[in-house]
Structure formats: C-alpha cells, structure tokens
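Novice: Compact mmCIF, N, CA and C atoms, saved as input.txt, coming up:
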# COMPACT_ATOMS: atom_id res chain seq x y z
N MET W 1 170.53 100.61 105.13
CA MET W 1 169.83 101.88 105.18
C MET W 1 170.29 102.72 106.38
N GLY W 2 170.68 102.05 107.46
CA GLY W 2 171.12 102.78 108.66
C GLY W 2 172.29 103.70 108.39
N ALA W 3 173.31 103.21 107.68
CA ALA W 3 174.48 104.05 107.37
C ALA W 3 174.09 105.21 106.46
N ALA W 4 173.17 104.96 105.53
CA ALA W 4 172.72 106.02 104.62
C ALA W 4 171.99 107.12 105.39
N VAL W 5 171.16 106.73 106.34
CA VAL W 5 170.45 107.71 107.17
C VAL W 5 171.45 108.54 107.97
N GLU W 6 172.45 107.89 108.55
CA GLU W 6 173.46 108.63 109.31
C GLU W 6 174.18 109.64 108.43
N GLU W 7 174.48 109.26 107.20
CA GLU W 7 175.17 110.17 106.29
C GLU W 7 174.26 111.33 105.90
N LEU W 8 172.99 111.06 105.67
CA LEU W 8 172.06 112.14 105.36
C LEU W 8 171.93 113.09 106.54
N LEU W 9 171.94 112.57 107.75
CA LEU W 9 171.92 113.43 108.93
C LEU W 9 173.17 114.29 109.00
N ARG W 10 174.31 113.70 108.68
CA ARG W 10 175.58 114.44 108.73
C ARG W 10 175.59 115.60 107.73
N VAL W 11 175.18 115.34 106.50
CA VAL W 11 175.33 116.37 105.45
C VAL W 11 174.16 117.33 105.39
N ASN W 12 173.05 117.01 106.01
CA ASN W 12 171.87 117.88 105.92
C ASN W 12 171.39 118.27 107.31
N LEU W 13 172.30 118.75 108.11
CA LEU W 13 171.98 119.18 109.46
C LEU W 13 170.91 120.26 109.41
N SER W 14 169.87 120.13 110.22
CA SER W 14 168.75 121.05 110.12
C SER W 14 168.85 122.26 111.05
N ILE W 15 169.91 122.39 111.81
CA ILE W 15 170.03 123.56 112.69
C ILE W 15 170.21 124.81 111.86
N GLY W 16 171.10 124.73 110.87
CA GLY W 16 171.26 125.83 109.92
C GLY W 16 172.09 126.98 110.44
N ASP W 17 171.61 127.73 111.41
CA ASP W 17 172.31 128.91 111.90
C ASP W 17 173.27 128.55 113.02
N GLY W 18 174.17 129.47 113.32
CA GLY W 18 175.09 129.27 114.43
C GLY W 18 174.36 129.32 115.76
N LEU W 19 174.86 128.56 116.72
CA LEU W 19 174.28 128.57 118.06
C LEU W 19 175.04 129.61 118.89
N PRO W 20 174.38 130.66 119.36
CA PRO W 20 175.08 131.70 120.11
C PRO W 20 175.50 131.22 121.50
N ARG W 21 176.73 131.50 121.85
CA ARG W 21 177.26 131.15 123.16
C ARG W 21 178.12 132.32 123.66
N LEU W 22 178.14 132.52 124.97
CA LEU W 22 179.01 133.52 125.57
C LEU W 22 180.18 132.81 126.22
N ALA W 23 181.38 133.29 125.93
CA ALA W 23 182.57 132.71 126.56
C ALA W 23 182.55 133.06 128.04
N THR W 24 182.76 132.07 128.89
CA THR W 24 182.77 132.31 130.34
C THR W 24 184.17 132.58 130.87
N ALA W 25 185.16 132.34 130.01
CA ALA W 25 186.55 132.61 130.39
C ALA W 25 187.32 132.87 129.10
N ASP W 26 188.49 133.48 129.23
CA ASP W 26 189.35 133.65 128.06
C ASP W 26 189.77 132.28 127.56
N VAL W 27 189.70 132.08 126.25
CA VAL W 27 190.10 130.80 125.66
C VAL W 27 190.67 131.06 124.27
N GLU W 28 191.69 130.32 123.94
CA GLU W 28 192.29 130.45 122.62
C GLU W 28 191.74 129.34 121.74
N LEU W 29 191.13 129.72 120.62
CA LEU W 29 190.60 128.78 119.65
C LEU W 29 191.42 128.93 118.37
N GLY W 30 192.30 127.98 118.14
CA GLY W 30 193.21 128.11 117.00
C GLY W 30 194.09 129.31 117.20
N ASP W 31 194.03 130.27 116.28
CA ASP W 31 194.84 131.49 116.36
C ASP W 31 194.08 132.66 116.97
N VAL W 32 192.88 132.43 117.47
CA VAL W 32 192.03 133.52 117.93
C VAL W 32 191.85 133.45 119.44
N LEU W 33 192.02 134.59 120.09
CA LEU W 33 191.75 134.68 121.53
C LEU W 33 190.32 135.16 121.71
N VAL W 34 189.50 134.35 122.35
CA VAL W 34 188.13 134.73 122.67
C VAL W 34 188.14 135.12 124.14
N ARG W 35 187.72 136.33 124.42
CA ARG W 35 187.75 136.83 125.79
C ARG W 35 186.42 136.55 126.50
N ALA W 36 186.50 136.38 127.80
CA ALA W 36 185.30 136.15 128.62
C ALA W 36 184.26 137.22 128.32
N GLY W 37 183.02 136.80 128.11
CA GLY W 37 181.92 137.72 127.83
C GLY W 37 181.67 137.95 126.35
N GLU W 38 182.60 137.51 125.50
CA GLU W 38 182.40 137.70 124.06
C GLU W 38 181.45 136.65 123.50
N LEU W 39 180.70 137.07 122.49
CA LEU W 39 179.77 136.18 121.82
C LEU W 39 180.51 135.32 120.81
N VAL W 40 180.18 134.04 120.81
CA VAL W 40 180.76 133.10 119.84
C VAL W 40 179.58 132.39 119.18
N LEU W 41 179.62 132.28 117.85
CA LEU W 41 178.60 131.51 117.14
C LEU W 41 179.19 130.15 116.80
N VAL W 42 178.60 129.12 117.35
CA VAL W 42 179.07 127.75 117.14
C VAL W 42 178.34 127.18 115.93
N CYS W 43 179.09 126.77 114.93
CA CYS W 43 178.51 126.20 113.73
C CYS W 43 178.67 124.68 113.78
N VAL W 44 177.66 124.00 114.28
CA VAL W 44 177.70 122.54 114.41
C VAL W 44 177.88 121.91 113.04
N GLU W 45 177.26 122.48 112.03
CA GLU W 45 177.36 121.94 110.68
C GLU W 45 178.83 121.85 110.24
N GLY W 46 179.63 122.81 110.63
CA GLY W 46 181.04 122.78 110.28
C GLY W 46 181.75 121.57 110.86
N ALA W 47 181.37 121.19 112.08
CA ALA W 47 181.97 120.01 112.71
C ALA W 47 181.66 118.75 111.93
N ASN W 48 180.50 118.69 111.30
CA ASN W 48 180.12 117.51 110.53
C ASN W 48 180.90 117.40 109.21
N PHE W 49 181.68 118.41 108.89
CA PHE W 49 182.50 118.39 107.67
C PHE W 49 183.99 118.52 107.99
N ASP W 50 184.35 118.22 109.23
CA ASP W 50 185.75 118.32 109.66
C ASP W 50 186.57 117.23 108.97
N PRO W 51 187.55 117.61 108.14
CA PRO W 51 188.33 116.60 107.42
C PRO W 51 189.22 115.76 108.32
N GLU W 52 189.45 116.20 109.56
CA GLU W 52 190.22 115.38 110.50
C GLU W 52 189.37 114.25 111.09
N VAL W 53 188.06 114.36 110.97
CA VAL W 53 187.14 113.36 111.50
C VAL W 53 186.52 112.52 110.39
N PHE W 54 186.19 113.18 109.28
CA PHE W 54 185.49 112.51 108.18
C PHE W 54 186.36 112.48 106.93
N ALA W 55 186.76 111.28 106.53
CA ALA W 55 187.52 111.14 105.29
C ALA W 55 186.67 111.64 104.12
N ASP W 56 187.26 112.46 103.26
CA ASP W 56 186.55 112.99 102.09
C ASP W 56 185.23 113.61 102.54
N ALA W 57 185.33 114.54 103.47
CA ALA W 57 184.17 115.10 104.17
C ALA W 57 183.13 115.76 103.27
N ASP W 58 183.53 116.29 102.13
CA ASP W 58 182.58 116.97 101.24
C ASP W 58 181.81 116.01 100.35
N ARG W 59 182.17 114.74 100.36
CA ARG W 59 181.48 113.76 99.52
C ARG W 59 180.41 113.06 100.34
N VAL W 60 179.23 112.91 99.75
CA VAL W 60 178.16 112.16 100.40
C VAL W 60 178.44 110.68 100.17
N ASP W 61 178.66 109.95 101.26
CA ASP W 61 179.00 108.53 101.17
C ASP W 61 178.01 107.73 102.02
N PRO W 62 176.95 107.18 101.38
CA PRO W 62 175.93 106.46 102.15
C PRO W 62 176.44 105.19 102.82
N GLU W 63 177.67 104.79 102.52
CA GLU W 63 178.26 103.61 103.16
C GLU W 63 179.39 103.98 104.12
N ARG W 64 179.45 105.24 104.52
CA ARG W 64 180.50 105.72 105.42
C ARG W 64 180.48 104.89 106.71
N GLU W 65 181.62 104.30 107.05
CA GLU W 65 181.68 103.43 108.24
C GLU W 65 181.86 104.23 109.53
N HIS W 66 182.74 105.23 109.52
CA HIS W 66 183.01 106.03 110.72
C HIS W 66 182.25 107.35 110.57
N ASN W 67 181.18 107.55 111.34
CA ASN W 67 180.34 108.72 111.15
C ASN W 67 179.85 109.29 112.49
N PRO W 68 180.77 109.88 113.26
CA PRO W 68 180.37 110.44 114.56
C PRO W 68 179.82 111.87 114.44
N HIS W 69 178.82 112.07 113.56
CA HIS W 69 178.27 113.40 113.34
C HIS W 69 177.62 113.95 114.61
N LEU W 70 177.42 115.26 114.60
CA LEU W 70 176.83 115.93 115.77
C LEU W 70 175.42 116.44 115.47
N SER W 71 174.75 115.82 114.53
CA SER W 71 173.44 116.30 114.11
C SER W 71 172.38 116.23 115.19
N PHE W 72 172.57 115.38 116.18
CA PHE W 72 171.62 115.31 117.30
C PHE W 72 172.22 115.91 118.57
N GLY W 73 173.30 116.67 118.41
CA GLY W 73 173.95 117.28 119.56
C GLY W 73 174.94 116.32 120.20
N ALA W 74 175.34 116.64 121.43
CA ALA W 74 176.32 115.81 122.15
C ALA W 74 176.23 116.12 123.64
N GLY W 75 176.75 115.20 124.43
CA GLY W 75 176.77 115.40 125.88
C GLY W 75 175.39 115.64 126.45
N ARG W 76 175.28 116.60 127.34
CA ARG W 76 173.97 116.86 127.97
C ARG W 76 172.99 117.52 127.00
N HIS W 77 173.47 117.92 125.84
CA HIS W 77 172.61 118.52 124.83
C HIS W 77 172.24 117.51 123.74
N TYR W 78 172.45 116.23 124.01
CA TYR W 78 172.12 115.18 123.05
C TYR W 78 170.60 114.97 123.02
N CYS W 79 170.03 114.98 121.86
CA CYS W 79 168.57 114.86 121.70
C CYS W 79 168.09 113.50 122.20
N PRO W 80 167.10 113.48 123.10
CA PRO W 80 166.62 112.19 123.62
C PRO W 80 165.78 111.39 122.62
N ALA W 81 165.37 112.00 121.53
CA ALA W 81 164.51 111.31 120.55
C ALA W 81 165.30 110.78 119.35
N THR W 82 166.60 110.64 119.49
CA THR W 82 167.42 110.22 118.35
C THR W 82 167.02 108.85 117.81
N ALA W 83 166.76 107.91 118.68
CA ALA W 83 166.40 106.56 118.22
C ALA W 83 165.12 106.61 117.39
N LEU W 84 164.15 107.38 117.83
CA LEU W 84 162.89 107.51 117.10
C LEU W 84 163.13 108.17 115.73
N GLY W 85 163.91 109.22 115.71
CA GLY W 85 164.21 109.90 114.44
C GLY W 85 164.91 108.99 113.44
N ARG W 86 165.87 108.24 113.93
CA ARG W 86 166.61 107.32 113.05
C ARG W 86 165.69 106.23 112.49
N VAL W 87 164.92 105.61 113.36
CA VAL W 87 164.01 104.53 112.92
C VAL W 87 162.97 105.09 111.95
N HIS W 88 162.44 106.25 112.25
CA HIS W 88 161.45 106.88 111.38
C HIS W 88 162.02 107.07 109.98
N ALA W 89 163.22 107.62 109.89
CA ALA W 89 163.85 107.86 108.59
C ALA W 89 164.14 106.55 107.87
N GLU W 90 164.66 105.55 108.59
CA GLU W 90 164.98 104.26 107.97
C GLU W 90 163.74 103.57 107.41
N VAL W 91 162.66 103.55 108.20
CA VAL W 91 161.42 102.90 107.75
C VAL W 91 160.85 103.65 106.55
N ALA W 92 160.79 104.97 106.63
CA ALA W 92 160.22 105.76 105.53
C ALA W 92 161.02 105.60 104.24
N LEU W 93 162.34 105.70 104.33
CA LEU W 93 163.16 105.58 103.12
C LEU W 93 163.13 104.16 102.55
N THR W 94 163.12 103.17 103.42
CA THR W 94 163.04 101.78 102.95
C THR W 94 161.73 101.54 102.21
N ALA W 95 160.62 102.02 102.77
CA ALA W 95 159.31 101.86 102.12
C ALA W 95 159.26 102.63 100.80
N LEU W 96 159.73 103.87 100.81
CA LEU W 96 159.70 104.70 99.60
C LEU W 96 160.52 104.08 98.48
N LEU W 97 161.74 103.69 98.79
CA LEU W 97 162.60 103.12 97.75
C LEU W 97 162.16 101.71 97.35
N GLY W 98 161.50 100.99 98.25
CA GLY W 98 160.96 99.68 97.92
C GLY W 98 159.82 99.78 96.91
N ARG W 99 158.99 100.81 97.06
CA ARG W 99 157.85 101.00 96.16
C ARG W 99 158.24 101.73 94.88
N LEU W 100 159.24 102.59 94.97
CA LEU W 100 159.67 103.37 93.80
C LEU W 100 161.19 103.25 93.64
N PRO W 101 161.68 102.10 93.25
CA PRO W 101 163.13 101.88 93.21
C PRO W 101 163.86 102.77 92.20
N GLU W 102 163.17 103.31 91.23
CA GLU W 102 163.81 104.19 90.23
C GLU W 102 163.70 105.67 90.60
N LEU W 103 163.23 105.96 91.81
CA LEU W 103 163.05 107.34 92.25
C LEU W 103 164.37 108.10 92.16
N ARG W 104 164.31 109.29 91.58
CA ARG W 104 165.52 110.12 91.43
C ARG W 104 165.11 111.58 91.31
N PRO W 105 166.01 112.50 91.60
CA PRO W 105 165.68 113.93 91.47
C PRO W 105 165.39 114.27 90.00
N ALA W 106 164.45 115.17 89.79
CA ALA W 106 164.09 115.60 88.44
C ALA W 106 164.90 116.80 87.99
N VAL W 107 165.58 117.45 88.92
CA VAL W 107 166.41 118.61 88.59
C VAL W 107 167.76 118.46 89.27
N PRO W 108 168.79 119.10 88.74
CA PRO W 108 170.10 119.06 89.42
C PRO W 108 170.01 119.74 90.80
N GLU W 109 170.83 119.27 91.72
CA GLU W 109 170.82 119.80 93.09
C GLU W 109 170.97 121.31 93.12
N GLU W 110 171.80 121.87 92.26
CA GLU W 110 172.04 123.31 92.28
C GLU W 110 170.80 124.12 91.86
N ARG W 111 169.79 123.48 91.31
CA ARG W 111 168.55 124.18 90.92
C ARG W 111 167.48 124.15 92.01
N LEU W 112 167.74 123.43 93.09
CA LEU W 112 166.78 123.39 94.20
C LEU W 112 166.73 124.74 94.90
N VAL W 113 165.54 125.13 95.31
CA VAL W 113 165.35 126.36 96.08
C VAL W 113 165.11 125.95 97.52
N TRP W 114 165.95 126.47 98.42
CA TRP W 114 165.87 126.09 99.83
C TRP W 114 165.05 127.10 100.60
N ARG W 115 164.23 126.60 101.51
CA ARG W 115 163.39 127.44 102.35
C ARG W 115 164.27 128.30 103.26
N THR W 116 163.94 129.56 103.37
CA THR W 116 164.70 130.46 104.25
C THR W 116 163.78 130.92 105.39
N GLY W 117 164.38 131.43 106.44
CA GLY W 117 163.62 131.91 107.57
C GLY W 117 162.91 130.81 108.33
N PHE W 118 163.48 129.62 108.30
CA PHE W 118 162.87 128.46 108.94
C PHE W 118 164.00 127.69 109.60
N ILE W 119 163.79 127.14 110.79
CA ILE W 119 164.88 126.48 111.50
C ILE W 119 165.37 125.22 110.79
N LYS W 120 164.50 124.55 110.06
CA LYS W 120 164.90 123.33 109.34
C LYS W 120 165.41 123.68 107.95
N ARG W 121 166.41 122.95 107.48
CA ARG W 121 166.93 123.16 106.12
C ARG W 121 166.22 122.18 105.20
N ILE W 122 165.22 122.67 104.46
CA ILE W 122 164.45 121.82 103.56
C ILE W 122 164.20 122.57 102.26
N PRO W 123 164.08 121.84 101.16
CA PRO W 123 163.79 122.51 99.89
C PRO W 123 162.33 122.97 99.83
N GLU W 124 162.09 124.06 99.11
CA GLU W 124 160.72 124.52 98.88
C GLU W 124 159.94 123.45 98.12
N ARG W 125 160.58 122.86 97.11
CA ARG W 125 160.01 121.79 96.30
C ARG W 125 161.08 120.78 96.02
N LEU W 126 160.69 119.53 95.87
CA LEU W 126 161.64 118.48 95.52
C LEU W 126 161.04 117.66 94.38
N PRO W 127 161.18 118.16 93.13
CA PRO W 127 160.63 117.41 92.01
C PRO W 127 161.40 116.10 91.79
N VAL W 128 160.65 115.03 91.57
CA VAL W 128 161.27 113.73 91.38
C VAL W 128 160.68 113.01 90.16
N LEU W 129 161.41 112.05 89.68
CA LEU W 129 160.98 111.17 88.59
C LEU W 129 161.09 109.74 89.08
N TRP W 130 160.33 108.83 88.47
CA TRP W 130 160.48 107.40 88.77
C TRP W 130 160.08 106.59 87.58
Could you write out this file's structure as structure tokens?
Specialist:
Amino acid sequence: MGAAVEELLRVNLSIGDGLPRLATADVELGDVLVRAGELVLVCVEGANFDPEVFADADRVDPEREHNPHLSFGAGRHYCPATALGRVHAEVALTALLGRLPELRPAVPEERLVWRTGFIKRIPERLPVLW
C-alpha cells in the first residue's frame, strides 16, 4: 500500500496552481532567459511528471519503485507532517479496500467534475460501486 500511496501523491498533487517566485538574479532556464525581478510561476506538478525522472510518467503505476515526487515539497520547504499524511492514507485505504474489496469508480474518470477555486484538487463527487 505504501508504494500505491506514493504514486497517488505523485499524480494527484493538491497544490494545483503555480507557486509565484521572483527571480533574484538573471538565470537561463532551458532556452529562456529569466531576468532578475521577473515573476516565475513554478509548477511543482510538472516536476512529478518529468520523463527524465519517472519512467512512463503519464501512467499511474501503484507499484512504481523509484518515486522521488515533490508532492510534499523539498529542502527547507519540505512538509513536516509527511509521515502523518502517508500513514493516514495507508491506514484509510487499507481499511476501505479490506472492507470493500470490489470498490471501483461508477463513472469514467473523464466524467468526474473537479472542484475549482479551492487549493486542493478533489472531485465534487466520487460515485463508486462495490
């Protein structure tokens, strides 16, 4: 279950919007020169789908062995509650699937309606069958 939780964290990052940052010096990012003082929007979600880091990055793989996602941040911006979040998700999913092993979505993923104007990326409704 631990690897599955990590993969769900990778593909369903809840930050959603870009994190605004101001460049403190001129820096070249790929083919683009970002000048000191310019606004840059950092899309952490994009890093979680980097094909140089994640093999077959667009596929959800609950058994992914190498999964250095940035869903809890990194460095001094690393969330201190990561252990609690991971354990919470593992215990909840283990209990849910243990009690309802046939649980499955009732509608195709493309029919889900996602909540907007909210910092977390969650569906408005998640109809299920079991």
Novice: Using only C-alpha atoms, find the one residue out of W:Ala95, W:Val11, W:Leu39, W:Leu84 that sits nearest to W:Phe54.
Specialist: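 Smallest separation from W:Phe54 among the options: W:Val11.
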Novice: Extract, using only C-alpha atoms, all DNA, RNA and protein residues at most 12 Å from W:Arg111, discarding same-chain residues fewer than 6 positions from it, and format them as a VMD selection string.
Specialist: chain W and resid 105 123 to 127
Novice: Between W:Arg59, W:Gly18, W:Glu65, W:Leu112, which is the closest to W:Val40 once you count only C-alpha atoms?
Specialist: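 Counting only C-alpha atoms, the residue closest to W:Val40 is W:Gly18.
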Novice: Just how far from atom CA of W:Asp61 is atom CA of W:Leu8, in Å to one decimal?
Specialist: 8.9 Å
Novice: Would you please give, as an MDAnalysis selection string, all residues of stretch 23-126 of chain W that DSSP assigns to strand (DSSP E) based on the backbone?
Specialist: chainID W and resid 27:29 32:34 39:42 104:105
